[in-house]
file entry01.csv (CSV, C-alpha atoms)
chain,number,residue,atom,x,y,z
A,30,MET,CA,282.6,33.8,67.8
A,31,LYS,CA,285.8,35.4,69.1
A,32,ILE,CA,285.8,39.1,69.8
A,33,ILE,CA,289.1,41.0,69.7
A,34,LYS,CA,289.5,44.6,71.0
A,35,GLN,CA,292.7,46.4,70.1
A,36,SER,CA,293.4,49.9,71.4
A,37,ASN,CA,297.2,49.9,71.5
A,38,ASN,CA,299.6,52.0,69.4
A,39,GLU,CA,300.7,49.0,67.3
A,40,ASN,CA,297.7,49.6,65.1
A,41,ILE,CA,296.9,52.5,62.9
A,42,PHE,CA,293.4,52.6,64.3
A,43,PRO,CA,291.9,51.1,67.4
A,44,TYR,CA,289.5,48.3,66.3
A,45,ILE,CA,287.2,45.5,67.2
A,46,ALA,CA,287.3,42.3,65.2
A,47,TYR,CA,284.8,39.5,65.1
A,48,ILE,CA,286.4,36.2,64.3
A,49,PRO,CA,284.0,33.3,63.6
A,50,GLU,CA,284.7,29.7,64.3
A,51,ASN,CA,286.3,27.4,61.6
A,52,LEU,CA,288.2,30.0,59.5
A,53,SER,CA,290.1,28.7,56.6
A,54,ASP,CA,293.8,29.4,56.1
A,55,LYS,CA,292.9,32.3,53.9
A,56,PRO,CA,289.7,34.0,55.2
A,57,ALA,CA,287.9,36.9,53.7
A,58,LEU,CA,288.0,40.4,55.3
A,59,LEU,CA,285.1,42.8,55.8
A,60,ILE,CA,285.9,46.3,57.0
A,61,GLN,CA,283.1,48.6,58.3
A,62,LEU,CA,283.6,52.4,58.6
A,63,HIS,CA,281.4,53.9,61.3
A,64,GLY,CA,279.6,57.3,61.3
A,65,ALA,CA,280.7,60.6,62.9
A,66,GLY,CA,279.0,59.9,66.3
A,67,GLU,CA,281.2,56.8,66.9
A,68,ARG,CA,284.6,58.5,66.7
A,69,GLY,CA,287.0,58.0,69.6
A,70,ASN,CA,290.5,57.1,70.8
A,71,GLY,CA,289.9,53.5,71.7
A,72,GLY,CA,289.6,52.5,75.3
A,73,ASP,CA,286.1,52.9,76.8
A,74,SER,CA,284.9,54.6,73.6
A,75,LEU,CA,285.8,51.7,71.3
A,76,ASP,CA,282.5,49.9,71.8
A,77,LEU,CA,280.9,52.8,69.9
A,78,VAL,CA,281.9,51.1,66.7
A,79,LEU,CA,279.4,48.4,67.5
A,80,VAL,CA,276.4,50.7,67.7
A,81,ASN,CA,275.3,50.6,64.0
A,82,GLY,CA,275.5,48.4,60.9
A,83,PHE,CA,276.7,44.8,60.6
A,84,PRO,CA,277.5,44.2,64.3
A,85,LYS,CA,273.7,43.8,64.8
A,86,THR,CA,273.6,41.2,61.9
A,87,VAL,CA,276.7,39.0,62.0
A,88,ASN,CA,276.9,35.7,63.8
A,89,ASP,CA,278.8,32.4,63.4
A,90,GLU,CA,276.3,31.2,60.9
A,91,ASN,CA,276.3,34.1,58.4
A,92,LEU,CA,279.9,35.4,58.8
A,93,LYS,CA,281.3,32.4,57.0
A,94,ASP,CA,285.1,32.3,56.6
A,95,CYS,CA,285.4,36.1,57.1
A,96,VAL,CA,287.1,38.3,59.6
A,97,PHE,CA,284.9,41.3,60.4
A,98,VAL,CA,286.9,44.4,61.5
A,99,MET,CA,285.6,47.7,62.7
A,100,PRO,CA,288.3,50.4,63.1
A,101,GLN,CA,287.6,53.6,65.0
A,102,CYS,CA,288.4,57.1,63.6
A,103,PRO,CA,289.9,59.6,65.9
A,104,PRO,CA,287.6,62.3,67.3
A,105,ASP,CA,289.3,65.2,65.6
A,106,SER,CA,289.2,63.7,62.1
A,107,PHE,CA,286.9,61.9,59.5
A,108,TRP,CA,287.4,59.0,57.3
A,109,VAL,CA,287.9,60.9,54.0
A,110,ALA,CA,290.9,62.5,55.6
A,111,LYS,CA,292.3,59.1,56.5
A,112,ILE,CA,292.2,57.3,53.2
A,113,GLU,CA,295.9,56.4,53.1
A,114,SER,CA,295.7,55.3,56.8
A,115,ILE,CA,292.7,53.1,55.9
A,116,ARG,CA,294.8,51.4,53.2
A,117,LYS,CA,297.7,50.9,55.6
A,118,PHE,CA,295.3,49.5,58.2
A,119,ILE,CA,293.8,47.1,55.7
A,120,ASP,CA,297.3,46.0,54.9
A,121,GLN,CA,297.9,45.4,58.6
A,122,MET,CA,294.8,43.2,58.8
A,123,ILE,CA,295.7,41.3,55.7
A,124,GLU,CA,299.0,40.3,57.3
A,125,LYS,CA,297.6,39.7,60.8
A,126,TYR,CA,294.8,37.4,59.7
A,127,SER,CA,296.4,35.9,56.5
A,128,VAL,CA,293.5,37.4,54.4
A,129,ASP,CA,292.6,36.2,50.9
A,130,THR,CA,293.2,39.3,48.9
A,131,ASP,CA,290.6,38.3,46.4
A,132,ARG,CA,287.9,38.6,49.1
A,133,ILE,CA,288.3,42.0,50.7
A,134,TYR,CA,285.1,44.0,51.3
A,135,LEU,CA,284.4,47.6,52.4
A,136,CYS,CA,281.2,49.1,53.8
A,137,GLY,CA,280.3,52.1,55.8
A,138,LEU,CA,277.5,54.4,56.9
A,139,SER,CA,277.2,58.2,56.9
A,140,MET,CA,280.7,59.5,57.5
A,141,GLY,CA,281.8,55.9,56.8
A,142,GLY,CA,279.7,55.9,53.6
A,143,PHE,CA,281.8,58.8,52.3
A,144,GLY,CA,284.9,56.9,53.5
A,145,THR,CA,283.8,53.8,51.6
A,146,TRP,CA,283.2,55.6,48.3
A,147,TYR,CA,286.5,57.6,48.5
A,148,THR,CA,288.7,54.8,49.7
A,149,ALA,CA,287.4,52.5,46.9
A,150,MET,CA,288.0,55.2,44.3
A,151,ALA,CA,291.6,55.6,45.6
A,152,TYR,CA,292.3,51.9,45.7
A,153,PRO,CA,289.8,50.2,43.4
A,154,GLU,CA,292.1,47.2,42.8
A,155,LEU,CA,291.9,46.3,46.6
A,156,PHE,CA,288.2,45.5,47.0
A,157,ALA,CA,286.0,42.6,45.7
A,158,ALA,CA,282.9,44.6,46.5
A,159,ILE,CA,281.7,47.7,48.5
A,160,ALA,CA,278.5,48.7,50.2
A,161,PRO,CA,278.3,52.5,51.0
A,162,CYS,CA,275.3,53.7,52.9
A,163,CYS,CA,274.1,57.3,53.1
A,164,GLY,CA,277.4,58.8,52.0
A,165,GLY,CA,278.6,60.3,48.8
A,166,GLY,CA,281.7,60.5,46.5
A,167,MET,CA,283.0,62.3,43.5
A,168,ALA,CA,280.7,61.3,40.7
A,169,TRP,CA,283.2,62.5,38.0
A,170,ASN,CA,285.5,59.8,39.3
A,171,ALA,CA,283.0,57.0,39.6
A,172,GLY,CA,284.4,55.2,36.5
A,173,THR,CA,287.3,53.9,38.6
A,174,LEU,CA,284.8,51.7,40.5
A,175,LYS,CA,284.7,48.4,38.5
A,176,MET,CA,284.0,46.1,41.5
A,177,PRO,CA,280.4,45.2,42.5
A,178,VAL,CA,278.7,48.1,44.3
A,179,TRP,CA,275.6,48.0,46.4
A,180,ALA,CA,274.6,51.6,47.5
A,181,PHE,CA,271.9,52.7,50.0
A,182,HIS,CA,270.3,55.9,51.0
A,183,GLY,CA,267.0,57.2,52.6
A,184,LEU,CA,265.2,59.6,50.4
A,185,ASP,CA,264.1,61.6,53.4
A,186,ASP,CA,267.6,62.0,54.7
A,187,THR,CA,268.1,65.6,56.0
A,188,CYS,CA,271.6,65.0,57.3
A,189,VAL,CA,273.2,63.8,54.1
A,190,SER,CA,271.3,64.6,50.9
A,191,PRO,CA,270.2,61.5,49.0
A,192,ASN,CA,271.5,63.3,45.9
A,193,GLN,CA,275.0,62.4,47.1
A,194,THR,CA,274.3,58.7,46.5
A,195,ILE,CA,272.0,59.3,43.5
A,196,GLU,CA,274.8,61.2,41.7
A,197,MET,CA,277.2,58.3,42.2
A,198,VAL,CA,274.6,55.7,41.1
A,199,GLU,CA,273.8,57.7,37.9
A,200,ALA,CA,277.5,58.0,37.1
A,201,LEU,CA,277.9,54.2,37.6
A,202,LYS,CA,275.0,53.1,35.6
A,203,GLY,CA,276.8,53.3,32.3
A,204,SER,CA,280.1,51.8,33.4
A,205,ASN,CA,279.4,49.2,36.2
A,206,PRO,CA,277.2,46.2,35.2
A,207,SER,CA,277.5,45.0,38.8
A,208,LEU,CA,275.8,48.0,40.3
A,209,LYS,CA,272.9,47.6,42.9
A,210,TYR,CA,271.2,50.3,44.8
A,211,ASP,CA,268.3,50.9,47.2
A,212,LEU,CA,266.7,54.3,47.7
A,213,TYR,CA,264.3,54.0,50.6
A,214,GLU,CA,261.1,56.1,50.5
A,215,GLY,CA,260.1,57.6,53.9
A,216,VAL,CA,263.4,56.8,55.5
A,217,GLY,CA,265.7,59.4,57.0
A,218,HIS,CA,269.4,59.3,57.8
A,219,ASN,CA,269.3,55.9,59.6
A,220,SER,CA,269.0,54.0,56.4
A,221,TRP,CA,271.7,51.6,57.6
A,222,GLU,CA,269.0,49.9,59.7
A,223,LYS,CA,267.4,48.7,56.4
A,224,ALA,CA,270.7,48.3,54.5
A,225,PHE,CA,273.0,46.2,56.6
A,226,THR,CA,271.0,43.0,56.6
A,227,GLU,CA,271.8,39.3,56.2
A,228,GLU,CA,271.0,39.6,52.5
A,229,THR,CA,273.5,42.4,52.1
A,230,LEU,CA,276.1,40.4,54.1
A,231,LYS,CA,275.5,37.3,52.0
A,232,TRP,CA,275.9,39.3,48.8
A,233,LEU,CA,279.2,40.9,49.9
A,234,LEU,CA,280.7,37.6,51.0
A,235,SER,CA,279.7,35.9,47.7
A,236,GLN,CA,281.9,38.3,45.7
A,237,SER,CA,285.5,37.5,44.7
A,238,LYS,CA,288.0,39.1,42.4
A,239,ALA,CA,289.0,35.6,41.4
A,240,LYS,CA,285.6,35.1,39.6
call {"tool": "encode", "arguments": {"input": "entry01.csv", "output": "structure tokens"}}
result
Amino acid sequence: MKIIKQSNNENIFPYIAYIPENLSDKPALLIQLHGAGERGNGGDSLDLVLVNGFPKTVNDENLKDCVFVMPQCPPDSFWVAKIESIRKFIDQMIEKYSVDTDRIYLCGLSMGGFGTWYTAMAYPELFAAIAPCCGGGMAWNAGTLKMPVWAFHGLDDTCVSPNQTIEMVEALKGSNPSLKYDLYEGVGHNSWEKAFTEETLKWLLSQSKAK
């Protein structure tokens, strides 16, 4: 697997990309939004984006025909404040890696979980599926989310209340037939350790807007 690190000013965010072997001419794109503790300005801090989530899961066998990109949020901001920039960054990645726009996926944890919900609500036509973990959104606006959703939260989370995810799930139950969710008993804020598995990755990569 090829690993690309980009910290220069040509990109909206610094990022690390995992590029598996044997990509097609139109690969899928998976974007992961990190938590608050992994913010930085690129450079030596960029490896922080690898601390949690799918970087511990992906390999050449399971990241099939998909470019996996992990942008880094600046230290003085948060993902929900950067939704337009996230869209522009994804557009950059689409062009750079000749992405199949029917197979774009967004996931995130904690601060990135909020970023996942909010970005998907702002640009619902963009994503084939999303997987927000221990975040939250605007339940009154959940009806915009027609794509497959798999949401996760630990019920003993004292950092971000599980009610944030529960409210989104309840709002989606009547409008989204492709909704999946896992609420983990006895699990605190680090629910991403249970959420971002090979099973979740396989589910994401199986989704397509072309279906």
call {"tool": "closest_residue", "arguments": {"input": "entry01.csv", "among": "A:Tyr44, A:Tyr213, A:Trp169, A:Trp221", "to": "Pro191 (chain A)", "atoms": "only C-alpha atoms"}}
result
A:Tyr213
call {"tool": "residues_around", "arguments": {"input": "entry01.csv", "residues": "Leu233 (chain A)", "least_positions_apart": "6", "cutoff": "9 Å", "atoms": "all atoms listed in the file", "output": "ChimeraX atom specification"}}
result
/A:59,134-135,157-160,177,179
call {"tool": "atom_distance", "arguments": {"input": "entry01.csv", "atom1": "CA of Val78 (chain A)", "atom2": "CA of Asp54 (chain A)"}}
result
26.9 Å
call {"tool": "atom_distance", "arguments": {"input": "entry01.csv", "atom1": "CA of Gly203 (chain A)", "atom2": "CA of Ala180 (chain A)"}}
result
15.5 Å
call {"tool": "closest_residue", "arguments": {"input": "entry01.csv", "among": "A:Gly183, A:Gly82, A:Gly166, A:Pro104", "to": "Val216 (chain A)", "atoms": "all atoms listed in the file"}}
result
A:Gly183
call {"tool": "atom_distance", "arguments": {"input": "entry01.csv", "atom1": "CA of Lys93 (chain A)", "atom2": "CA of Thr229 (chain A)"}}
result
13.6 Å
call {"tool": "decode", "arguments": {"input": "entry01.csv", "residues": "region 98-137 of chain A", "atoms": "N, CA and C atoms", "output": "JSON list (two decimals), in the first residue's frame"}}
result
[["chain", "number", "residue", "atom", "x", "y", "z"],
["A", 98, "VAL", "N", -8.55, 8.65, 2.61],
["A", 98, "VAL", "CA", -7.93, 9.95, 2.86],
["A", 98, "VAL", "C", -8.33, 10.47, 4.23],
["A", 99, "MET", "N", -7.32, 10.94, 4.97],
["A", 99, "MET", "CA", -7.52, 11.46, 6.32],
["A", 99, "MET", "C", -7.01, 12.90, 6.40],
["A", 100, "PRO", "N", -7.89, 13.89, 6.23],
["A", 100, "PRO", "CA", -7.48, 15.30, 6.35],
["A", 100, "PRO", "C", -7.27, 15.67, 7.82],
["A", 101, "GLN", "N", -6.52, 16.77, 8.03],
["A", 101, "GLN", "CA", -6.28, 17.26, 9.39],
["A", 101, "GLN", "C", -6.88, 18.65, 9.56],
["A", 102, "CYS", "N", -7.71, 18.78, 10.59],
["A", 102, "CYS", "CA", -8.35, 20.06, 10.92],
["A", 102, "CYS", "C", -7.36, 20.97, 11.65],
["A", 103, "PRO", "N", -7.34, 22.28, 11.35],
["A", 103, "PRO", "CA", -6.43, 23.18, 12.05],
["A", 103, "PRO", "C", -6.72, 23.24, 13.55],
["A", 104, "PRO", "N", -5.71, 23.54, 14.35],
["A", 104, "PRO", "CA", -5.86, 23.47, 15.81],
["A", 104, "PRO", "C", -6.82, 24.49, 16.39],
["A", 105, "ASP", "N", -7.10, 25.57, 15.67],
["A", 105, "ASP", "CA", -7.95, 26.63, 16.19],
["A", 105, "ASP", "C", -9.38, 26.50, 15.70],
["A", 106, "SER", "N", -9.76, 25.34, 15.16],
["A", 106, "SER", "CA", -11.09, 25.20, 14.57],
["A", 106, "SER", "C", -11.64, 23.81, 14.86],
["A", 107, "PHE", "N", -12.77, 23.48, 14.21],
["A", 107, "PHE", "CA", -13.40, 22.17, 14.37],
["A", 107, "PHE", "C", -14.15, 21.88, 13.08],
["A", 108, "TRP", "N", -14.45, 20.60, 12.85],
["A", 108, "TRP", "CA", -14.96, 20.19, 11.55],
["A", 108, "TRP", "C", -16.28, 20.87, 11.18],
["A", 109, "VAL", "N", -17.18, 21.03, 12.14],
["A", 109, "VAL", "CA", -18.49, 21.61, 11.81],
["A", 109, "VAL", "C", -18.35, 23.04, 11.29],
["A", 110, "ALA", "N", -17.26, 23.71, 11.68],
["A", 110, "ALA", "CA", -17.00, 25.07, 11.17],
["A", 110, "ALA", "C", -16.34, 25.05, 9.80],
["A", 111, "LYS", "N", -16.02, 23.86, 9.30],
["A", 111, "LYS", "CA", -15.26, 23.74, 8.05],
["A", 111, "LYS", "C", -16.02, 22.96, 6.97],
["A", 112, "ILE", "N", -17.34, 22.96, 7.04],
["A", 112, "ILE", "CA", -18.12, 22.10, 6.14],
["A", 112, "ILE", "C", -17.90, 22.47, 4.67],
["A", 113, "GLU", "N", -17.90, 23.75, 4.36],
["A", 113, "GLU", "CA", -17.66, 24.15, 2.96],
["A", 113, "GLU", "C", -16.26, 23.76, 2.53],
["A", 114, "SER", "N", -15.30, 23.88, 3.43],
["A", 114, "SER", "CA", -13.92, 23.49, 3.11],
["A", 114, "SER", "C", -13.80, 21.99, 2.92],
["A", 115, "ILE", "N", -14.55, 21.22, 3.71],
["A", 115, "ILE", "CA", -14.56, 19.76, 3.54],
["A", 115, "ILE", "C", -15.07, 19.42, 2.14],
["A", 116, "ARG", "N", -16.12, 20.08, 1.70],
["A", 116, "ARG", "CA", -16.66, 19.84, 0.35],
["A", 116, "ARG", "C", -15.61, 20.17, -0.71],
["A", 117, "LYS", "N", -14.94, 21.30, -0.54],
["A", 117, "LYS", "CA", -13.92, 21.69, -1.52],
["A", 117, "LYS", "C", -12.74, 20.70, -1.50],
["A", 118, "PHE", "N", -12.40, 20.23, -0.31],
["A", 118, "PHE", "CA", -11.32, 19.25, -0.20],
["A", 118, "PHE", "C", -11.70, 17.95, -0.91],
["A", 119, "ILE", "N", -12.94, 17.49, -0.70],
["A", 119, "ILE", "CA", -13.40, 16.28, -1.38],
["A", 119, "ILE", "C", -13.36, 16.47, -2.89],
["A", 120, "ASP", "N", -13.76, 17.65, -3.36],
["A", 120, "ASP", "CA", -13.68, 17.92, -4.80],
["A", 120, "ASP", "C", -12.24, 17.84, -5.29],
["A", 121, "GLN", "N", -11.29, 18.34, -4.48],
["A", 121, "GLN", "CA", -9.88, 18.21, -4.83],
["A", 121, "GLN", "C", -9.48, 16.73, -4.96],
["A", 122, "MET", "N", -9.92, 15.92, -4.01],
["A", 122, "MET", "CA", -9.56, 14.50, -4.02],
["A", 122, "MET", "C", -10.20, 13.78, -5.20],
["A", 123, "ILE", "N", -11.43, 14.16, -5.54],
["A", 123, "ILE", "CA", -12.11, 13.57, -6.70],
["A", 123, "ILE", "C", -11.28, 13.79, -7.96],
["A", 124, "GLU", "N", -10.81, 15.01, -8.12],
["A", 124, "GLU", "CA", -10.02, 15.34, -9.31],
["A", 124, "GLU", "C", -8.64, 14.67, -9.27],
["A", 125, "LYS", "N", -8.00, 14.73, -8.12],
["A", 125, "LYS", "CA", -6.63, 14.21, -8.00],
["A", 125, "LYS", "C", -6.56, 12.71, -8.25],
["A", 126, "TYR", "N", -7.55, 11.97, -7.72],
["A", 126, "TYR", "CA", -7.50, 10.51, -7.79],
["A", 126, "TYR", "C", -8.53, 9.92, -8.76],
["A", 127, "SER", "N", -9.15, 10.77, -9.59],
["A", 127, "SER", "CA", -10.13, 10.32, -10.61],
["A", 127, "SER", "C", -11.20, 9.42, -9.98],
["A", 128, "VAL", "N", -11.82, 9.94, -8.94],
["A", 128, "VAL", "CA", -12.72, 9.16, -8.10],
["A", 128, "VAL", "C", -14.06, 8.89, -8.79],
["A", 129, "ASP", "N", -14.60, 7.72, -8.53],
["A", 129, "ASP", "CA", -15.96, 7.36, -8.94],
["A", 129, "ASP", "C", -16.93, 8.10, -8.02],
["A", 130, "THR", "N", -17.64, 9.06, -8.54],
["A", 130, "THR", "CA", -18.51, 9.89, -7.70],
["A", 130, "THR", "C", -19.76, 9.16, -7.21],
["A", 131, "ASP", "N", -19.97, 7.94, -7.67],
["A", 131, "ASP", "CA", -21.04, 7.11, -7.12],
["A", 131, "ASP", "C", -20.58, 6.36, -5.87],
["A", 132, "ARG", "N", -19.28, 6.45, -5.55],
["A", 132, "ARG", "CA", -18.74, 5.68, -4.43],
["A", 132, "ARG", "C", -17.85, 6.55, -3.54],
["A", 133, "ILE", "N", -18.47, 7.55, -2.93],
["A", 133, "ILE", "CA", -17.77, 8.42, -1.99],
["A", 133, "ILE", "C", -18.37, 8.21, -0.60],
["A", 134, "TYR", "N", -17.52, 7.96, 0.37],
["A", 134, "TYR", "CA", -17.96, 7.61, 1.72],
["A", 134, "TYR", "C", -17.33, 8.56, 2.74],
["A", 135, "LEU", "N", -18.10, 8.86, 3.79],
["A", 135, "LEU", "CA", -17.62, 9.76, 4.84],
["A", 135, "LEU", "C", -17.83, 9.10, 6.19],
["A", 136, "CYS", "N", -16.79, 9.13, 7.02],
["A", 136, "CYS", "CA", -16.90, 8.63, 8.38],
["A", 136, "CYS", "C", -16.12, 9.56, 9.30],
["A", 137, "GLY", "N", -16.37, 9.46, 10.59],
["A", 137, "GLY", "CA", -15.64, 10.30, 11.53],
["A", 137, "GLY", "C", -15.99, 9.93, 12.95]]
